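Listing of target.cif; format and content: mmCIF, N, CA and C atoms and all ligand atoms.
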data_start
loop_
_atom_site.group_PDB
_atom_site.id
_atom_site.type_symbol
_atom_site.label_atom_id
_atom_site.label_comp_id
_atom_site.auth_asym_id
_atom_site.auth_seq_id
_atom_site.Cartn_x
_atom_site.Cartn_y
_atom_site.Cartn_z
ATOM 1 N N MET W 1 0.815 -1.199 0.000
ATOM 2 C CA MET W 1 0.000 0.000 0.000
ATOM 3 C C MET W 1 0.856 1.259 0.000
ATOM 4 N N ALA W 2 2.100 1.129 0.403
ATOM 5 C CA ALA W 2 2.987 2.285 0.423
ATOM 6 C C ALA W 2 3.175 2.839 -0.980
ATOM 7 N N HIS W 3 2.963 1.988 -1.972
ATOM 8 C CA HIS W 3 3.157 2.435 -3.342
ATOM 9 C C HIS W 3 2.072 3.402 -3.793
ATOM 10 N N GLU W 4 1.001 3.470 -3.044
ATOM 11 C CA GLU W 4 -0.103 4.361 -3.401
ATOM 12 C C GLU W 4 0.358 5.811 -3.526
ATOM 13 N N ALA W 5 1.357 6.157 -2.761
ATOM 14 C CA ALA W 5 1.747 7.565 -2.673
ATOM 15 C C ALA W 5 2.512 8.045 -3.906
ATOM 16 N N LYS W 6 2.899 7.132 -4.762
ATOM 17 C CA LYS W 6 3.644 7.535 -5.951
ATOM 18 C C LYS W 6 2.792 8.456 -6.812
ATOM 19 N N LEU W 7 3.368 9.514 -7.244
ATOM 20 C CA LEU W 7 2.614 10.503 -8.002
ATOM 21 C C LEU W 7 2.673 10.207 -9.492
ATOM 22 N N ILE W 8 1.522 10.249 -10.075
ATOM 23 C CA ILE W 8 1.440 10.008 -11.515
ATOM 24 C C ILE W 8 2.190 11.104 -12.269
ATOM 25 N N LEU W 9 2.239 12.263 -11.663
ATOM 26 C CA LEU W 9 2.928 13.394 -12.311
ATOM 27 C C LEU W 9 4.390 13.084 -12.587
ATOM 28 N N ASP W 10 4.970 12.286 -11.695
ATOM 29 C CA ASP W 10 6.388 11.968 -11.848
ATOM 30 C C ASP W 10 6.648 11.084 -13.063
ATOM 31 N N HIS W 11 5.600 10.492 -13.588
ATOM 32 C CA HIS W 11 5.783 9.510 -14.655
ATOM 33 C C HIS W 11 5.158 9.948 -15.960
ATOM 34 N N ILE W 12 4.682 11.152 -15.968
ATOM 35 C CA ILE W 12 4.026 11.651 -17.176
ATOM 36 C C ILE W 12 4.963 12.601 -17.907
ATOM 37 N N SER W 13 5.092 12.388 -19.187
ATOM 38 C CA SER W 13 5.997 13.230 -19.969
ATOM 39 C C SER W 13 5.225 14.121 -20.920
ATOM 40 N N THR W 14 3.916 13.991 -20.908
ATOM 41 C CA THR W 14 3.113 14.819 -21.803
ATOM 42 C C THR W 14 2.903 16.200 -21.203
ATOM 43 N N LYS W 15 2.471 17.110 -22.048
ATOM 44 C CA LYS W 15 2.304 18.489 -21.634
ATOM 45 C C LYS W 15 1.128 18.638 -20.663
ATOM 46 N N LEU W 16 1.366 19.416 -19.617
ATOM 47 C CA LEU W 16 0.308 19.673 -18.651
ATOM 48 C C LEU W 16 -0.318 21.036 -18.907
ATOM 49 N N ARG W 17 -1.624 21.090 -18.734
ATOM 50 C CA ARG W 17 -2.305 22.375 -18.789
ATOM 51 C C ARG W 17 -3.100 22.530 -17.503
ATOM 52 N N THR W 18 -3.110 23.710 -16.984
ATOM 53 C CA THR W 18 -3.860 23.937 -15.758
ATOM 54 C C THR W 18 -5.251 24.450 -16.092
ATOM 55 N N VAL W 19 -6.240 23.726 -15.631
ATOM 56 C CA VAL W 19 -7.625 24.126 -15.834
ATOM 57 C C VAL W 19 -8.322 24.080 -14.486
ATOM 58 N N GLY W 20 -8.674 25.231 -13.984
ATOM 59 C CA GLY W 20 -9.330 25.284 -12.680
ATOM 60 C C GLY W 20 -8.415 24.732 -11.606
ATOM 61 N N HIS W 21 -8.875 23.713 -10.896
ATOM 62 C CA HIS W 21 -8.106 23.142 -9.805
ATOM 63 C C HIS W 21 -7.365 21.884 -10.231
ATOM 64 N N ASN W 22 -7.250 21.699 -11.534
ATOM 65 C CA ASN W 22 -6.647 20.467 -12.018
ATOM 66 C C ASN W 22 -5.580 20.716 -13.065
ATOM 67 N N ASN W 23 -4.660 19.775 -13.148
ATOM 68 C CA ASN W 23 -3.758 19.699 -14.280
ATOM 69 C C ASN W 23 -4.356 18.719 -15.276
ATOM 70 N N ILE W 24 -4.385 19.121 -16.523
ATOM 71 C CA ILE W 24 -4.963 18.291 -17.566
ATOM 72 C C ILE W 24 -3.847 17.841 -18.489
ATOM 73 N N THR W 25 -3.874 16.569 -18.827
ATOM 74 C CA THR W 25 -2.880 16.078 -19.775
ATOM 75 C C THR W 25 -3.427 14.846 -20.480
ATOM 76 N N ARG W 26 -2.628 14.287 -21.344
ATOM 77 C CA ARG W 26 -3.071 13.109 -22.079
ATOM 78 C C ARG W 26 -3.093 11.894 -21.174
ATOM 79 N N CYS W 27 -4.115 11.099 -21.317
ATOM 80 C CA CYS W 27 -4.211 9.872 -20.528
ATOM 81 C C CYS W 27 -3.363 8.794 -21.197
ATOM 82 N N PRO W 28 -2.381 8.254 -20.495
ATOM 83 C CA PRO W 28 -1.503 7.230 -21.106
ATOM 84 C C PRO W 28 -2.283 6.008 -21.563
ATOM 85 N N SER W 29 -3.315 5.676 -20.822
ATOM 86 C CA SER W 29 -4.108 4.502 -21.173
ATOM 87 C C SER W 29 -4.903 4.744 -22.446
ATOM 88 N N CYS W 30 -5.523 5.908 -22.544
ATOM 89 C CA CYS W 30 -6.253 6.268 -23.770
ATOM 90 C C CYS W 30 -5.300 6.344 -24.950
ATOM 91 N N ALA W 31 -4.150 6.975 -24.715
ATOM 92 C CA ALA W 31 -3.189 7.179 -25.790
ATOM 93 C C ALA W 31 -2.727 5.839 -26.358
ATOM 94 N N GLU W 32 -2.620 4.864 -25.473
ATOM 95 C CA GLU W 32 -2.158 3.546 -25.900
ATOM 96 C C GLU W 32 -3.111 2.941 -26.922
ATOM 97 N N GLU W 33 -4.383 3.295 -26.814
ATOM 98 C CA GLU W 33 -5.388 2.765 -27.731
ATOM 99 C C GLU W 33 -5.663 3.731 -28.869
ATOM 100 N N GLY W 34 -4.860 4.774 -28.948
ATOM 101 C CA GLY W 34 -5.021 5.722 -30.037
ATOM 102 C C GLY W 34 -6.096 6.761 -29.783
ATOM 103 N N HIS W 35 -6.561 6.823 -28.539
ATOM 104 C CA HIS W 35 -7.569 7.820 -28.197
ATOM 105 C C HIS W 35 -6.909 9.041 -27.559
ATOM 106 N N ASP W 36 -7.747 9.948 -27.143
ATOM 107 C CA ASP W 36 -7.291 11.166 -26.469
ATOM 108 C C ASP W 36 -6.289 11.944 -27.307
ATOM 109 N N ARG W 37 -6.636 12.184 -28.538
ATOM 110 C CA ARG W 37 -5.735 12.936 -29.420
ATOM 111 C C ARG W 37 -5.648 14.401 -29.015
ATOM 112 N N SER W 38 -6.669 14.872 -28.341
ATOM 113 C CA SER W 38 -6.618 16.265 -27.903
ATOM 114 C C SER W 38 -5.795 16.414 -26.626
ATOM 115 N N GLY W 39 -5.454 15.283 -26.015
ATOM 116 C CA GLY W 39 -4.544 15.324 -24.872
ATOM 117 C C GLY W 39 -5.102 15.976 -23.634
ATOM 118 N N ASP W 40 -6.382 15.718 -23.357
ATOM 119 C CA ASP W 40 -6.959 16.357 -22.178
ATOM 120 C C ASP W 40 -7.880 15.429 -21.397
ATOM 121 N N ASN W 41 -7.666 14.146 -21.552
ATOM 122 C CA ASN W 41 -8.561 13.212 -20.856
ATOM 123 C C ASN W 41 -8.218 13.043 -19.382
ATOM 124 N N LEU W 42 -6.956 13.184 -19.059
ATOM 125 C CA LEU W 42 -6.539 12.900 -17.698
ATOM 126 C C LEU W 42 -6.499 14.178 -16.863
ATOM 127 N N SER W 43 -7.204 14.132 -15.759
ATOM 128 C CA SER W 43 -7.270 15.286 -14.874
ATOM 129 C C SER W 43 -6.614 14.926 -13.545
ATOM 130 N N ILE W 44 -5.645 15.709 -13.140
ATOM 131 C CA ILE W 44 -4.923 15.451 -11.900
ATOM 132 C C ILE W 44 -5.139 16.631 -10.963
ATOM 133 N N SER W 45 -5.649 16.347 -9.801
ATOM 134 C CA SER W 45 -5.923 17.412 -8.842
ATOM 135 C C SER W 45 -4.639 18.104 -8.417
ATOM 136 N N ILE W 46 -4.654 19.423 -8.430
ATOM 137 C CA ILE W 46 -3.474 20.162 -8.001
ATOM 138 C C ILE W 46 -3.318 20.087 -6.491
ATOM 139 N N GLU W 47 -4.430 20.149 -5.803
ATOM 140 C CA GLU W 47 -4.379 20.088 -4.346
ATOM 141 C C GLU W 47 -3.938 18.718 -3.857
ATOM 142 N N ASP W 48 -4.349 17.685 -4.566
ATOM 143 C CA ASP W 48 -3.967 16.326 -4.194
ATOM 144 C C ASP W 48 -3.538 15.577 -5.448
ATOM 145 N N PRO W 49 -2.249 15.659 -5.789
ATOM 146 C CA PRO W 49 -1.749 15.070 -7.043
ATOM 147 C C PRO W 49 -1.905 13.555 -7.103
ATOM 148 N N ARG W 50 -2.275 12.961 -5.981
ATOM 149 C CA ARG W 50 -2.498 11.514 -6.019
ATOM 150 C C ARG W 50 -3.848 11.190 -6.638
ATOM 151 N N THR W 51 -4.678 12.221 -6.785
ATOM 152 C CA THR W 51 -6.000 12.021 -7.353
ATOM 153 C C THR W 51 -5.963 12.292 -8.842
ATOM 154 N N ASP W 52 -6.096 11.249 -9.612
ATOM 155 C CA ASP W 52 -6.122 11.415 -11.058
ATOM 156 C C ASP W 52 -7.337 10.704 -11.629
ATOM 157 N N ILE W 53 -7.989 11.376 -12.540
ATOM 158 C CA ILE W 53 -9.216 10.843 -13.120
ATOM 159 C C ILE W 53 -9.147 10.969 -14.627
ATOM 160 N N CYS W 54 -9.435 9.865 -15.309
ATOM 161 C CA CYS W 54 -9.558 9.924 -16.759
ATOM 162 C C CYS W 54 -11.029 10.080 -17.100
ATOM 163 N N TRP W 55 -11.325 11.094 -17.869
ATOM 164 C CA TRP W 55 -12.728 11.355 -18.212
ATOM 165 C C TRP W 55 -13.287 10.279 -19.113
ATOM 166 N N ALA W 56 -12.450 9.516 -19.752
ATOM 167 C CA ALA W 56 -12.938 8.434 -20.605
ATOM 168 C C ALA W 56 -13.223 7.168 -19.796
ATOM 169 N N GLY W 57 -12.889 7.205 -18.516
ATOM 170 C CA GLY W 57 -13.256 6.092 -17.660
ATOM 171 C C GLY W 57 -12.139 5.111 -17.353
ATOM 172 N N CYS W 58 -10.912 5.430 -17.707
ATOM 173 C CA CYS W 58 -9.809 4.531 -17.382
ATOM 174 C C CYS W 58 -9.640 4.468 -15.859
ATOM 175 N N THR W 59 -9.335 3.291 -15.368
ATOM 176 C CA THR W 59 -9.066 3.156 -13.953
ATOM 177 C C THR W 59 -7.614 3.520 -13.677
ATOM 178 N N ARG W 60 -7.307 3.753 -12.424
ATOM 179 C CA ARG W 60 -5.924 4.088 -12.074
ATOM 180 C C ARG W 60 -4.982 2.949 -12.451
ATOM 181 N N ASP W 61 -5.469 1.728 -12.320
ATOM 182 C CA ASP W 61 -4.634 0.590 -12.692
ATOM 183 C C ASP W 61 -4.355 0.599 -14.194
ATOM 184 N N MET W 62 -5.373 0.951 -14.964
ATOM 185 C CA MET W 62 -5.182 1.001 -16.417
ATOM 186 C C MET W 62 -4.166 2.074 -16.780
ATOM 187 N N ILE W 63 -4.263 3.200 -16.109
ATOM 188 C CA ILE W 63 -3.351 4.298 -16.401
ATOM 189 C C ILE W 63 -1.925 3.914 -16.028
ATOM 190 N N ARG W 64 -1.778 3.292 -14.862
ATOM 191 C CA ARG W 64 -0.446 2.889 -14.434
ATOM 192 C C ARG W 64 0.115 1.779 -15.310
ATOM 193 N N ALA W 65 -0.757 0.874 -15.715
ATOM 194 C CA ALA W 65 -0.315 -0.205 -16.592
ATOM 195 C C ALA W 65 0.163 0.368 -17.920
ATOM 196 N N ALA W 66 -0.534 1.399 -18.393
ATOM 197 C CA ALA W 66 -0.155 2.022 -19.659
ATOM 198 C C ALA W 66 1.194 2.705 -19.540
ATOM 199 N N MET W 67 1.520 3.120 -18.338
ATOM 200 C CA MET W 67 2.822 3.743 -18.121
ATOM 201 C C MET W 67 3.905 2.689 -17.929
ATOM 202 N N GLY W 68 3.502 1.441 -18.001
ATOM 203 C CA GLY W 68 4.469 0.356 -17.886
ATOM 204 C C GLY W 68 4.805 0.000 -16.458
ATOM 205 N N ARG W 69 4.008 0.504 -15.538
ATOM 206 C CA ARG W 69 4.270 0.233 -14.137
ATOM 207 C C ARG W 69 2.989 -0.172 -13.419
ATOM 208 N N PRO W 70 2.488 -1.344 -13.733
ATOM 209 C CA PRO W 70 1.255 -1.771 -13.068
ATOM 210 C C PRO W 70 1.454 -1.964 -11.574
ATOM 211 N N ARG W 71 0.438 -1.589 -10.839
ATOM 212 C CA ARG W 71 0.514 -1.794 -9.404
ATOM 213 C C ARG W 71 0.264 -3.260 -9.105
ATOM 214 N N PRO W 72 0.934 -3.792 -8.101
ATOM 215 C CA PRO W 72 0.617 -5.158 -7.707
ATOM 216 C C PRO W 72 -0.798 -5.212 -7.153
ATOM 217 N N VAL W 73 -1.592 -6.125 -7.676
ATOM 218 C CA VAL W 73 -2.978 -6.194 -7.235
ATOM 219 C C VAL W 73 -3.307 -7.567 -6.663
ATOM 220 N N GLN W 74 -2.268 -8.259 -6.226
ATOM 221 C CA GLN W 74 -2.481 -9.616 -5.744
ATOM 222 C C GLN W 74 -2.780 -9.615 -4.258
ATOM 223 N N HIS W 75 -3.975 -9.146 -3.929
ATOM 224 C CA HIS W 75 -4.345 -9.070 -2.516
ATOM 225 C C HIS W 75 -4.326 -10.449 -1.865
ATOM 226 N N ALA W 76 -4.651 -11.448 -2.668
ATOM 227 C CA ALA W 76 -4.722 -12.791 -2.120
ATOM 228 C C ALA W 76 -3.339 -13.312 -1.757
ATOM 229 N N LEU W 77 -2.335 -12.704 -2.349
ATOM 230 C CA LEU W 77 -0.972 -13.180 -2.109
ATOM 231 C C LEU W 77 -0.220 -12.283 -1.136
ATOM 232 N N GLN W 78 -0.957 -11.545 -0.373
ATOM 233 C CA GLN W 78 -0.352 -10.556 0.505
ATOM 234 C C GLN W 78 0.738 -11.142 1.395
ATOM 235 N N GLY W 79 0.511 -12.384 1.835
ATOM 236 C CA GLY W 79 1.453 -12.977 2.766
ATOM 237 C C GLY W 79 2.766 -13.364 2.126
ATOM 238 N N GLN W 80 2.763 -13.441 0.820
ATOM 239 C CA GLN W 80 3.979 -13.890 0.153
ATOM 240 C C GLN W 80 4.999 -12.772 0.053
ATOM 241 N N LYS W 81 6.242 -13.186 0.008
ATOM 242 C CA LYS W 81 7.291 -12.202 -0.163
ATOM 243 C C LYS W 81 7.248 -11.638 -1.565
ATOM 244 N N LYS W 82 7.607 -10.397 -1.676
ATOM 245 C CA LYS W 82 7.662 -9.777 -2.997
ATOM 246 C C LYS W 82 8.789 -10.401 -3.792
ATOM 247 N N GLU W 83 8.494 -10.574 -5.064
ATOM 248 C CA GLU W 83 9.530 -11.109 -5.919
ATOM 249 C C GLU W 83 10.506 -10.007 -6.297
ATOM 250 N N ALA W 84 11.692 -10.422 -6.611
ATOM 251 C CA ALA W 84 12.737 -9.452 -6.947
ATOM 252 C C ALA W 84 12.365 -8.665 -8.184
ATOM 253 N N SER W 85 11.505 -9.252 -9.010
ATOM 254 C CA SER W 85 11.132 -8.574 -10.250
ATOM 255 C C SER W 85 10.145 -7.442 -9.992
ATOM 256 N N ASN W 86 9.611 -7.385 -8.788
ATOM 257 C CA ASN W 86 8.678 -6.330 -8.449
ATOM 258 C C ASN W 86 9.427 -5.034 -8.150
ATOM 259 N N VAL W 87 9.955 -4.449 -9.153
ATOM 260 C CA VAL W 87 10.814 -3.290 -8.982
ATOM 261 C C VAL W 87 10.016 -2.092 -8.501
ATOM 262 N N GLU W 88 10.588 -1.379 -7.589
ATOM 263 C CA GLU W 88 9.942 -0.164 -7.098
ATOM 264 C C GLU W 88 9.923 0.898 -8.175
ATOM 265 N N ILE W 89 8.877 1.667 -8.157
ATOM 266 C CA ILE W 89 8.780 2.754 -9.124
ATOM 267 C C ILE W 89 9.804 3.822 -8.767
HETATM 268 ZN ZN ZN W 101 -7.981 7.266 -20.276
#
Could you spell out this file's structure in structure tokens?
Ligand SMILES: [Zn+2]
Amino acid sequence: MAHEAKLILDHISTKLRTVGHNNITRCPSCAEEGHDRSGDNLSISIEDPRTDICWAGCTRDMIRAAMGRPRPVQHALQGQKKEASNVEI
């Protein structure tokens, strides 16, 4: 759960635009499918950069997976030791 604090901003290389209380940029998940050509699907709260929302409905896992860094979601395997391949972001 400690990985939750990682900021999506640190992993985004697309241009950010500030709109109201949010930073707007291209959603990596949408972009992967050839969508979001206008580059404004992903909204990241300025007050809380951990809050990111894709207006097209991508989940945070989808967005992170598109960035090549999927979060571990193996809740059932919580007791197991992390594998060495589980590289920290
Ligand atoms: Zn998206």
- Query: When the cut-off is 6 Å and you count all atoms listed in the file, which residues lie near ligand ZN 101 (chain W), shown as JSON, numbers by chain?
  - Reply: {"W": [27, 28, 29, 30, 31, 41, 54, 55, 56, 57, 58]}
- Item | Matched chain/residue IDs from the PyMOL selection byres (((chain W and resi 46) around 7) and not hetatm), as a PyMOL selection string | chain W and resi 21-23+44-45+47-49
- Minimum-distance residue to Ala65 in chain W, chosen among W:Thr18, W:Ile24, W:Glu32, W:Ile53 (using only C-alpha atoms):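 Looking at the shortest contact to Ala65 in chain W, the residue is W:Glu32.
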Mind working out the centre and edge lengths of an axis-aligned box for range 10-18 of chain W, all listed atoms inside, 4 Å added to each side, rounded to one decimal in Å and written as lines of an AutoDock Vina configuration file?
center_x = 0.7
center_y = 17.0
center_z = -16.9
size_x = 19.9
size_y = 22.9
size_z = 18.4
- In Å to one decimal, how far is atom N of Gly39 in chain W from atom N of Gly20 in chain W?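 These atoms are spaced 15.9 Å apart.
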- Message: Just to confirm, what's the straight-line distance from CA of Arg50 in chain W to atom C of Glu33 in chain W in Å (one decimal)?
- Response: 24.3 Å
